[in-house]
Structure formats: C-alpha cells, structure tokens
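Everything on this sheet refers to the single structure shown next.
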Amino acid sequence: MMDHAHDLACVREATDRLLTAVAALDNAALGGPSRLPGWSRGHVLTHLARNADALVNVLEGRPMYASTEARDADIEKGAPRPVEVQAADVRDSAARFQAAGDVLADWTRTVELRNGVTDSASRVPFRRWVEVALHHVDLGIGYELEDLPAEFVERVTGFLAERFSGHPGVPATRLTDGTRAWTTGRGADVPAITVTGRPADLLGWLAGRRDGTALEAAGGELPELPPL
C-alpha cells in the first residue's frame, strides 16, 4: 500500500507552491491560454478546484462527478472568474480534500474513479498530487517539468509506464534515463525498442506534455502513445 500520509503532505506542498505562483497573476493573465488546447488558465484552475471536490466524493463513497456533462459545465462556468476568486476556490477545495484525507479510514479499500476506473484508496492522494503538479506546469507561468521534485518525476514515470503496460497499440518498450528503467506497452520478455532521455523529457512524453523529440529511440521508432 502507498504511504497516503506522505502523499497528502506532498499535495499540500504542491498546492502551496501553485497558489504562490497564482498570486502573481492578474485577471488578463488568468484569461490567457494555458498549455492545454482550448483551455485558459482559468479553466485549469477551475478544473483543479472541482477535481479536489470530486476526489472528496471518491473518498466518501460517492460518484466522482454527477456526469461528464456536469463536470465540463462546471469548468466552463468557473473559468472566467477573477483571479482572487479562483485562488480562493483552489485553496478552499484543497482544504476540503486534506480534511477528507485526514479522516481515519480503511486505506486498503477499493474506490471508484471516472469511467469505471478503480484503485486503492491509498493511491488517491498520489493521484491528486499528479493533478496539482502537472497542471501547475500546464499554466505556462514559469514552472516547468524540470522543476518538479525528483521523487514525483520517478513515481509518475512509473505510474504512467504501468498505465500503458499491456496496451495493444503500444509496442513493448524499455524506458531509461540512464540510471533507472521501466517497461511499458505490449507484453514481451525483451522489449525491442529502448527509449532514452532525461527524466523530465520521459515524463513529459508519457504525460502528453512533450512530443518526444528530445528522446532517443533504439530498435524502432518512438512509439505513438494514446491519450491519457
């Protein structure tokens, strides 16, 4: 089981870092485009707030979102709000998530996320950490993949490699940063393709944040990954 208490502390630190950066924005900057296609920075912050509340629902045994349509509508409705309102929403929803995480509970239990995906409750704080940290990068305000904590980069690389493991559309692939290695894609005893690169570039490619041009592929072309 994962160390949910440790991950909750990491979520708190990542949220504080995000909010400090957001405090330097004005409303014009908030309305500007993020690095996510079709989303402004306001969309990203609203999504983060609603995701925190959705994960409270997960921890408390309710559906993550009422529906996909309701989720999308909430994000669109909240995106144009002023920066101080957005920051307060992120801060308050983060506090609700932390409070739900502090409740004594069976962290080995299975919980249901979106689209029928299930996971251990102990991994929910880690999933929230992923949301906060990667979306901080998505804001495009000076925080980059290279700035992410080393522990985060290593764990999320493993998490995403596992997510694509066994995927019929991804050839068996070995990933390495020169020190550590992961395997992903269709099952094979010895993956034919080896992808090598810096930790941030490997993570960025797996997470759909970079196109992989900074990576080196041996034994075949760089695999095309499906959307997360």
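As shown in the structure tokens, the chain order sets the letters A, B, ...; within each chain, residues go from 1, and ligands are also counted from 1 in the order they appear.
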Extract, using only C-alpha atoms, all DNA, RNA and protein residues at most 7 Å from segment 190-192 of chain A, discarding same-chain residues fewer than 5 positions from it, and format them as a PDB file with N, CA and C atoms, in the first residue's frame.
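Resulting contents of around.pdb:
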ATOM      1  N   ALA A 172       6.126  -3.113 -27.196  1.00  0.00           N
ATOM      2  CA  ALA A 172       6.895  -3.340 -25.971  1.00  0.00           C
ATOM      3  C   ALA A 172       8.123  -2.437 -25.970  1.00  0.00           C
ATOM      4  N   THR A 173       8.248  -1.642 -24.919  1.00  0.00           N
ATOM      5  CA  THR A 173       9.260  -0.589 -24.887  1.00  0.00           C
ATOM      6  C   THR A 173       9.928  -0.528 -23.527  1.00  0.00           C
ATOM      7  N   ARG A 174      11.233  -0.337 -23.562  1.00  0.00           N
ATOM      8  CA  ARG A 174      12.007  -0.077 -22.339  1.00  0.00           C
ATOM      9  C   ARG A 174      12.306   1.412 -22.275  1.00  0.00           C
ATOM     10  N   GLY A 219      16.127   0.562 -31.824  1.00  0.00           N
ATOM     11  CA  GLY A 219      15.401  -0.665 -32.105  1.00  0.00           C
ATOM     12  C   GLY A 219      14.080  -0.451 -32.795  1.00  0.00           C
TER      13      GLY A 219
END
Filtered DSSP result for segment 11-150 of chain A, state strand (DSSP E or B), as a ChimeraX atom specification: /A:33,40,110-112,118-120
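Residues in contact with segment 97-106 of chain A at 10 Å, where only C-alpha atoms are counted and same-chain residues fewer than 3 positions away are skipped, are listed as His4, Ala5, Leu8, Ala9, Val11, Arg12, Ala49, Asn51, Ala52, Asp53, Ala54, Leu55, Val56, Asn57, Val58, Leu59, Glu60, Arg91, Asp92, Ser93, Ala94, Arg109, Thr110, Ser120, Ala121, Ser122, Val124, Pro125 and Arg128 of chain A.
For Glu146 of chain A, the list of residues within 9 Å, based on only C-alpha atoms and with local chain neighbours fewer than 6 positions off taken out, reads Val153, Pro199, Ala200 and Asp201 of chain A.
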Please write the residues from the selection above to a file, keeping N, CA, C and O atoms, as an mmCIF file, in the first residue's frame.
data_model
loop_
_atom_site.group_PDB
_atom_site.id
_atom_site.type_symbol
_atom_site.label_atom_id
_atom_site.label_comp_id
_atom_site.auth_asym_id
_atom_site.auth_seq_id
_atom_site.Cartn_x
_atom_site.Cartn_y
_atom_site.Cartn_z
ATOM 1 N N VAL A 153 8.824 12.903 -10.167
ATOM 2 C CA VAL A 153 9.137 12.521 -11.544
ATOM 3 C C VAL A 153 9.318 11.011 -11.656
ATOM 4 O O VAL A 153 8.772 10.368 -12.565
ATOM 5 N N PRO A 199 14.994 12.632 -17.342
ATOM 6 C CA PRO A 199 13.765 12.317 -16.605
ATOM 7 C C PRO A 199 12.582 13.208 -16.992
ATOM 8 O O PRO A 199 11.470 12.706 -17.204
ATOM 9 N N ALA A 200 12.799 14.517 -17.096
ATOM 10 C CA ALA A 200 11.690 15.416 -17.421
ATOM 11 C C ALA A 200 11.145 15.159 -18.818
ATOM 12 O O ALA A 200 9.931 15.263 -19.056
ATOM 13 N N ASP A 201 12.026 14.813 -19.754
ATOM 14 C CA ASP A 201 11.564 14.548 -21.116
ATOM 15 C C ASP A 201 10.798 13.231 -21.207
ATOM 16 O O ASP A 201 9.817 13.131 -21.957
#
Those in segment 24-126 of chain A with alpha helix (DSSP H) from DSSP, as a PyMOL selection string: chain A and resi 27-31+41-59+68-78+83-102+124-126
For Trp39 of chain A, the nearest of the candidates A:Arg123, A:His135, A:Arg62, A:Arg198, counting only C-alpha atoms: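 Comparing A:Arg123, A:His135, A:Arg62, A:Arg198 against Trp39 of chain A, the winner is A:His135.
Atom CA of Glu151 of chain A lies 26.6 Å from atom CA of Thr46 of chain A.
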Selection near Ala28 of chain A, 12 Å with only C-alpha atoms, sequence-local residues under 2 positions removed, as a VMD selection string: chain A and resid 24 to 26 30 to 33 40 to 42 80 to 83
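Proximity to Thr68 of chain A was assessed for A:Asn115, A:Ser34, A:Thr108, A:Thr183 counting only C-alpha atoms; the smallest distance is recorded for A:Asn115.
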For Pro63 of chain A, the nearest of the candidates A:Val22, A:Leu228, A:Val132, A:Val117, counting only C-alpha atoms: A:Val117
Residue nearest Leu202 of chain A among A:Gly220, A:Gly185, A:Gly178, A:Gly140 (counting only C-alpha atoms): A:Gly178
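Interatomic distance, atom CA of Thr194 of chain A against atom CA of Pro227 of chain A: 20.7 Å.
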